[in-house]
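Everything below concerns the one structure shown next.
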Amino acid sequence: MTVHIRPLSIEDLPDVAGRLRAEFPSDAADERNIARQVWGDPHYEPMHNLGAWDDDGLLRGVLLGVVRSSRAWIKALTVGPEPSVPEALLESFESVLAGSLVVVIDVSGSSPVYLTPGIDPCDTRSTLFFTSHGFRKVGEAYNMVCDLTHQPLDTADAEQALTAAGYRLARLTADDQLALTEFVDRRFSANWTAEALDALHQRPHTCHVAWFDGRIVGFAAAEVTNPGWFGPMGTHARHRKHGIGRVLLLRCLADLRDRGYREATIGWVGPMGFYQRACQARVSRLFWQYRKHLAPPHDPMA
Ligand SMILES: CC(C)(COP(=O)(O)OP(=O)(O)OC[C@H]1O[C@@H](n2cnc3c(N)ncnc32)[C@H](O)[C@@H]1OP(=O)(O)O)[C@@H](O)C(=O)NCCC(=O)NCCS
């Protein structure tokens, strides 16, 4: 099949969402989320988000990508059923990257804006496609899910104990932006800062923080990476194991329940045991992460 590759435009959104939904039924491929994944990414470049059209003008495949300094990510690549389509898309993406500073292409979570933390290993077509096109499996990631319908999310007693110990738990306000940025940048990562600050776009803001001595010492956010997802969260190392994390988590889960979700996805999990104990979460999905090294550009100074 001959396909014509060109950057996606916002007019293509319904077709793109349709293709992604058909290919990845378990992922949140609604139009709003896809628009955010592509055009809402702070590093959005048209040539990194490509569509493949056939001679009849039908969208046959898409590659959603992003470049952040020397790394490129594929956020989504529709692989089936005609292998020449993803091949053409990948080739175009790689040719755009050729000669740039990009040294690797990752198929993993392109935080702060990402659709999934990797490829579902049950998606056989995708795993075979990537391994047969120079990608190597480099990691695994998990999502967990927790039921919000039978979950006691009341934190009053725990908050009382924390207040007695000098902590103040509160919903993030726009005035707290700098304090949150300084805390999360320094103790965790700038990507998590960007994800958490995205909560300021929600009403009410879906981020909660713990204050101690005039400083933020813990944070948790929801509804920022993908619809219905919880995370990121973090507590300052010196303030852990006091119950702050659990309270911030439950406050965020209550927000998700108030927004109408019956379950919450805890995306790209780290401390599985903590989530299992704090909100009876269980592992719901596994992802494999892939990387391909690109040939370095010729350096005339070398
Ligand atoms: C995960 C994290 C946010 C938890 O924060 P926290 O404020 O320590 O959370 P809590 O205090 O509510 O609970 C942590 C543990 O302390 C225990 N604990 C709570 N209060 C306690 C107390 N008074 N005495 C003893 N232990 C206590 C909890 O039972 C829990 O134990 P568990 O992990 O074995 O289930 C924190 O460890 C962290 O920032 N980790 C690094 C970042 C990270 O991994 N984030 C999650 C990404 S998905």
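Chain labels A, B, ... are given in the sequence in which chains occur in the structure tokens; within each chain residues are numbered consecutively from 1, and ligands are likewise numbered from 1 in the order shown.
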
Within 7 Å of ligand 1, counting only C-alpha atoms and all ligand atoms, which protein or nucleic acid residues do you find, written as a ChimeraX atom specification? /A:218,231-237,239-247,267-271,273-274,277-278

Requested write-out: C-alpha atoms of the selected residues, as a tab-separated table (two decimals), in the first residue's frame:
```
chain	number	residue	atom	x	y	z
A	218	GLY	CA	4.54	16.50	50.52
A	231	GLY	CA	0.04	10.53	40.51
A	232	PRO	CA	2.64	11.78	40.85
A	233	MET	CA	3.15	12.01	44.60
A	234	GLY	CA	6.06	12.45	46.94
A	235	THR	CA	6.93	13.24	50.55
A	236	HIS	CA	10.17	14.87	51.67
A	237	ALA	CA	12.46	12.05	52.89
A	239	HIS	CA	8.82	13.58	56.73
A	240	ARG	CA	8.00	10.09	55.50
A	241	LYS	CA	6.21	7.42	57.53
A	242	HIS	CA	4.09	9.94	59.40
A	243	GLY	CA	0.95	9.24	57.39
A	244	ILE	CA	1.24	12.26	55.04
A	245	GLY	CA	1.36	10.21	51.84
A	246	ARG	CA	-1.74	8.20	52.68
A	247	VAL	CA	-3.78	11.33	53.50
A	267	GLY	CA	-0.10	5.22	36.79
A	268	TRP	CA	3.49	4.00	36.41
A	269	VAL	CA	3.74	2.76	39.95
A	270	GLY	CA	6.72	2.73	42.20
A	271	PRO	CA	5.78	1.67	45.76
A	273	GLY	CA	3.01	-2.23	48.66
A	274	PHE	CA	2.24	1.29	49.87
A	277	ARG	CA	-2.05	-1.11	51.86
A	278	ALA	CA	-3.22	2.52	51.62
```

I'd like the neighbourhood of range 107-115 of chain A as number ranges by chain, where a residue qualifies if any of its atoms comes within 6 Å (using only C-alpha atoms), though same-chain residues fewer than 2 positions away should be ignored. A: 73-74, 117-118, 191, 195, 289-290

Put those residues in a file: N, CA and C atoms, as a short mmCIF file (atom, residue, chain, number, x, y, z; two decimals), in the first residue's frame.
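Written out: selection.cif:
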```
data_model
loop_
_atom_site.label_atom_id
_atom_site.label_comp_id
_atom_site.auth_asym_id
_atom_site.auth_seq_id
_atom_site.Cartn_x
_atom_site.Cartn_y
_atom_site.Cartn_z
N TRP A 73 10.73 10.32 22.10
CA TRP A 73 9.81 9.28 22.56
C TRP A 73 8.76 9.02 21.48
N ILE A 74 8.37 7.77 21.38
CA ILE A 74 7.16 7.45 20.64
C ILE A 74 6.08 7.24 21.70
N PRO A 117 3.03 4.19 30.10
CA PRO A 117 4.46 4.08 30.42
C PRO A 117 5.20 3.08 29.54
N GLY A 118 4.57 2.57 28.50
CA GLY A 118 5.25 1.61 27.62
C GLY A 118 4.24 0.86 26.78
N ASN A 191 9.88 17.14 35.76
CA ASN A 191 8.73 16.53 35.08
C ASN A 191 7.56 16.36 36.03
N GLU A 195 3.78 17.94 35.84
CA GLU A 195 2.57 17.12 35.96
C GLU A 195 1.68 17.65 37.08
N GLN A 289 9.07 -1.47 28.24
CA GLN A 289 9.64 -0.23 27.70
C GLN A 289 10.80 -0.57 26.76
N TYR A 290 10.86 0.15 25.68
CA TYR A 290 11.85 -0.14 24.63
C TYR A 290 12.71 1.08 24.33
#
```

Write out as number ranges by chain the set of residues from range 39-167 of chain A that DSSP, computed on the backbone, places in helix (DSSP H, G or I). A: 46-48, 84-97, 124-131, 156-164

Export, as a PDB file, in the first residue's frame, the selected residues with C-alpha atoms.
```
ATOM      1  CA  PRO A  46       4.332  19.196  14.063  1.00  0.00           C
ATOM      2  CA  MET A  47       6.941  17.004  12.389  1.00  0.00           C
ATOM      3  CA  HIS A  48       7.081  14.656  15.397  1.00  0.00           C
ATOM      4  CA  SER A  84       4.319  -1.098   5.687  1.00  0.00           C
ATOM      5  CA  VAL A  85       2.360   1.715   7.384  1.00  0.00           C
ATOM      6  CA  PRO A  86       4.184   1.789  10.755  1.00  0.00           C
ATOM      7  CA  GLU A  87       7.422   1.160   8.886  1.00  0.00           C
ATOM      8  CA  ALA A  88       6.864   4.285   6.791  1.00  0.00           C
ATOM      9  CA  LEU A  89       5.889   6.296   9.861  1.00  0.00           C
ATOM     10  CA  LEU A  90       8.945   5.183  11.846  1.00  0.00           C
ATOM     11  CA  GLU A  91      11.219   5.852   8.892  1.00  0.00           C
ATOM     12  CA  SER A  92       9.838   9.392   8.560  1.00  0.00           C
ATOM     13  CA  PHE A  93      10.195  10.018  12.287  1.00  0.00           C
ATOM     14  CA  GLU A  94      13.796   8.782  12.249  1.00  0.00           C
ATOM     15  CA  SER A  95      14.633  10.889   9.221  1.00  0.00           C
ATOM     16  CA  VAL A  96      13.292  13.981  11.018  1.00  0.00           C
ATOM     17  CA  LEU A  97      15.582  13.136  13.954  1.00  0.00           C
ATOM     18  CA  THR A 124       2.013  -8.898  20.244  1.00  0.00           C
ATOM     19  CA  ARG A 125       2.031  -6.938  16.991  1.00  0.00           C
ATOM     20  CA  SER A 126       3.608  -3.928  18.679  1.00  0.00           C
ATOM     21  CA  THR A 127       6.234  -5.840  20.657  1.00  0.00           C
ATOM     22  CA  LEU A 128       7.270  -7.755  17.524  1.00  0.00           C
ATOM     23  CA  PHE A 129       7.321  -4.578  15.460  1.00  0.00           C
ATOM     24  CA  PHE A 130       9.623  -2.730  17.832  1.00  0.00           C
ATOM     25  CA  THR A 131      12.013  -5.626  18.408  1.00  0.00           C
ATOM     26  CA  ALA A 156     -10.337  13.319  59.367  1.00  0.00           C
ATOM     27  CA  ASP A 157      -8.660  11.306  62.169  1.00  0.00           C
ATOM     28  CA  ALA A 158      -5.346  11.027  60.358  1.00  0.00           C
ATOM     29  CA  GLU A 159      -5.394  14.747  59.559  1.00  0.00           C
ATOM     30  CA  GLN A 160      -6.087  15.576  63.190  1.00  0.00           C
ATOM     31  CA  ALA A 161      -2.994  13.604  64.237  1.00  0.00           C
ATOM     32  CA  LEU A 162      -0.904  15.321  61.550  1.00  0.00           C
ATOM     33  CA  THR A 163      -2.178  18.754  62.589  1.00  0.00           C
ATOM     34  CA  ALA A 164      -1.176  17.989  66.185  1.00  0.00           C
TER      35      ALA A 164
END
```

For range 25-38 of chain A, find every residue with an atom within 10 Å (counting only C-alpha atoms), except residues of its own chain fewer than 4 positions away, and show them as number ranges by chain. A: 8-10, 13-21, 42-46, 48-49, 64-66, 75-76, 110, 112-116, 120, 225-228, 285

Can you list, as a VMD selection string, every protein, DNA or RNA residue that comes within 12 Å of Gly214 in chain A when you count only C-alpha atoms, leaving out same-chain residues fewer than 4 positions away? chain A and resid 166 to 169 176 179 to 180 183 209 to 210

Could you write out that same residue set with N, CA and C atoms as a PDB file, in the first residue's frame?
```pdb
ATOM      1  N   GLY A 166       2.050  19.332  63.780  1.00  0.00           N
ATOM      2  CA  GLY A 166       2.579  20.555  63.144  1.00  0.00           C
ATOM      3  C   GLY A 166       2.390  20.629  61.644  1.00  0.00           C
ATOM      4  N   TYR A 167       1.689  19.667  61.050  1.00  0.00           N
ATOM      5  CA  TYR A 167       1.481  19.690  59.596  1.00  0.00           C
ATOM      6  C   TYR A 167       0.156  20.360  59.257  1.00  0.00           C
ATOM      7  N   ARG A 168       0.121  20.942  58.068  1.00  0.00           N
ATOM      8  CA  ARG A 168      -1.140  21.485  57.555  1.00  0.00           C
ATOM      9  C   ARG A 168      -1.384  20.870  56.180  1.00  0.00           C
ATOM     10  N   LEU A 169      -2.509  20.212  56.037  1.00  0.00           N
ATOM     11  CA  LEU A 169      -2.848  19.573  54.766  1.00  0.00           C
ATOM     12  C   LEU A 169      -3.828  20.475  54.038  1.00  0.00           C
ATOM     13  N   ASP A 176       0.381  28.870  45.525  1.00  0.00           N
ATOM     14  CA  ASP A 176       1.410  27.923  46.011  1.00  0.00           C
ATOM     15  C   ASP A 176       2.337  27.444  44.889  1.00  0.00           C
ATOM     16  N   ALA A 179       6.136  27.594  45.581  1.00  0.00           N
ATOM     17  CA  ALA A 179       6.544  26.693  46.672  1.00  0.00           C
ATOM     18  C   ALA A 179       6.525  25.243  46.192  1.00  0.00           C
ATOM     19  N   LEU A 180       5.511  24.895  45.419  1.00  0.00           N
ATOM     20  CA  LEU A 180       5.426  23.519  44.922  1.00  0.00           C
ATOM     21  C   LEU A 180       6.564  23.244  43.938  1.00  0.00           C
ATOM     22  N   PHE A 183       9.828  22.764  45.757  1.00  0.00           N
ATOM     23  CA  PHE A 183       9.884  21.478  46.468  1.00  0.00           C
ATOM     24  C   PHE A 183      10.034  20.310  45.496  1.00  0.00           C
ATOM     25  N   VAL A 209      -1.381  19.237  49.151  1.00  0.00           N
ATOM     26  CA  VAL A 209      -0.015  19.390  49.666  1.00  0.00           C
ATOM     27  C   VAL A 209      -0.014  19.368  51.187  1.00  0.00           C
ATOM     28  N   ALA A 210       1.156  19.007  51.728  1.00  0.00           N
ATOM     29  CA  ALA A 210       1.359  19.060  53.181  1.00  0.00           C
ATOM     30  C   ALA A 210       2.396  20.146  53.461  1.00  0.00           C
TER      31      ALA A 210
END
```

Please, which residues of range 175-293 of chain A, numbered as in this document, come out strand (DSSP E or B) from DSSP, as a count of residues only? 37

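Using only C-alpha atoms, the smallest distance between any of A:Asp213, A:Ala98, A:Ile105, A:Gly61 and Gly80 in chain A comes from A:Gly61.
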
Take CA of Arg262 in chain A and CA of His150 in chain A and report the distance between them in Å, one decimal.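 These two atoms are separated by 9.3 Å.
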
Computed interatomic separation between CA of His205 in chain A and CA of Gln151 in chain A (Å): 21.5 Å

Contacts of Ala221 in chain A at 10 Å (only C-alpha atoms; same-chain gap of 6+ positions) as a PDB file with C-alpha atoms, in the first residue's frame:
```pdb
ATOM      1  CA  ARG A 171      -5.596  21.756  48.482  1.00  0.00           C
ATOM      2  CA  LEU A 172      -3.034  23.422  46.197  1.00  0.00           C
ATOM      3  CA  TRP A 192       6.765  15.767  38.218  1.00  0.00           C
ATOM      4  CA  GLU A 195       2.568  17.118  35.956  1.00  0.00           C
ATOM      5  CA  ALA A 196       1.484  18.344  39.399  1.00  0.00           C
ATOM      6  CA  LEU A 197       1.031  21.954  38.276  1.00  0.00           C
ATOM      7  CA  ASP A 198      -1.336  20.728  35.594  1.00  0.00           C
ATOM      8  CA  ALA A 199      -3.818  20.183  38.453  1.00  0.00           C
ATOM      9  CA  LEU A 200      -4.306  23.961  38.496  1.00  0.00           C
ATOM     10  CA  HIS A 205      -7.469  21.915  41.705  1.00  0.00           C
ATOM     11  CA  THR A 206      -6.702  18.198  41.944  1.00  0.00           C
ATOM     12  CA  CYS A 207      -3.463  18.497  43.899  1.00  0.00           C
ATOM     13  CA  HIS A 208      -3.027  18.366  47.652  1.00  0.00           C
ATOM     14  CA  VAL A 209      -0.015  19.390  49.666  1.00  0.00           C
ATOM     15  CA  TRP A 229      -5.210   8.677  36.872  1.00  0.00           C
ATOM     16  CA  PHE A 230      -3.576   9.329  40.215  1.00  0.00           C
ATOM     17  CA  GLY A 231       0.038  10.532  40.513  1.00  0.00           C
ATOM     18  CA  PRO A 232       2.637  11.781  40.852  1.00  0.00           C
ATOM     19  CA  MET A 233       3.148  12.007  44.601  1.00  0.00           C
ATOM     20  CA  GLY A 234       6.065  12.448  46.940  1.00  0.00           C
ATOM     21  CA  LEU A 248      -2.705  13.119  50.310  1.00  0.00           C
ATOM     22  CA  LEU A 249      -3.449   9.991  48.268  1.00  0.00           C
ATOM     23  CA  ARG A 251      -7.713  13.283  49.263  1.00  0.00           C
ATOM     24  CA  CYS A 252      -6.858  12.891  45.575  1.00  0.00           C
ATOM     25  CA  LEU A 253      -8.887   9.683  45.280  1.00  0.00           C
ATOM     26  CA  ASP A 255     -11.436  14.187  44.103  1.00  0.00           C
TER      27      ASP A 255
END
```

Å distance separating CA of Trp211 in chain A from CA of Arg282 in chain A, one decimal place: 29.6 Å

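Distance check against Gln280 in chain A using only C-alpha atoms: of A:Ala174, A:Arg257, A:Leu153, A:Ala165, the minimum falls on A:Leu153.
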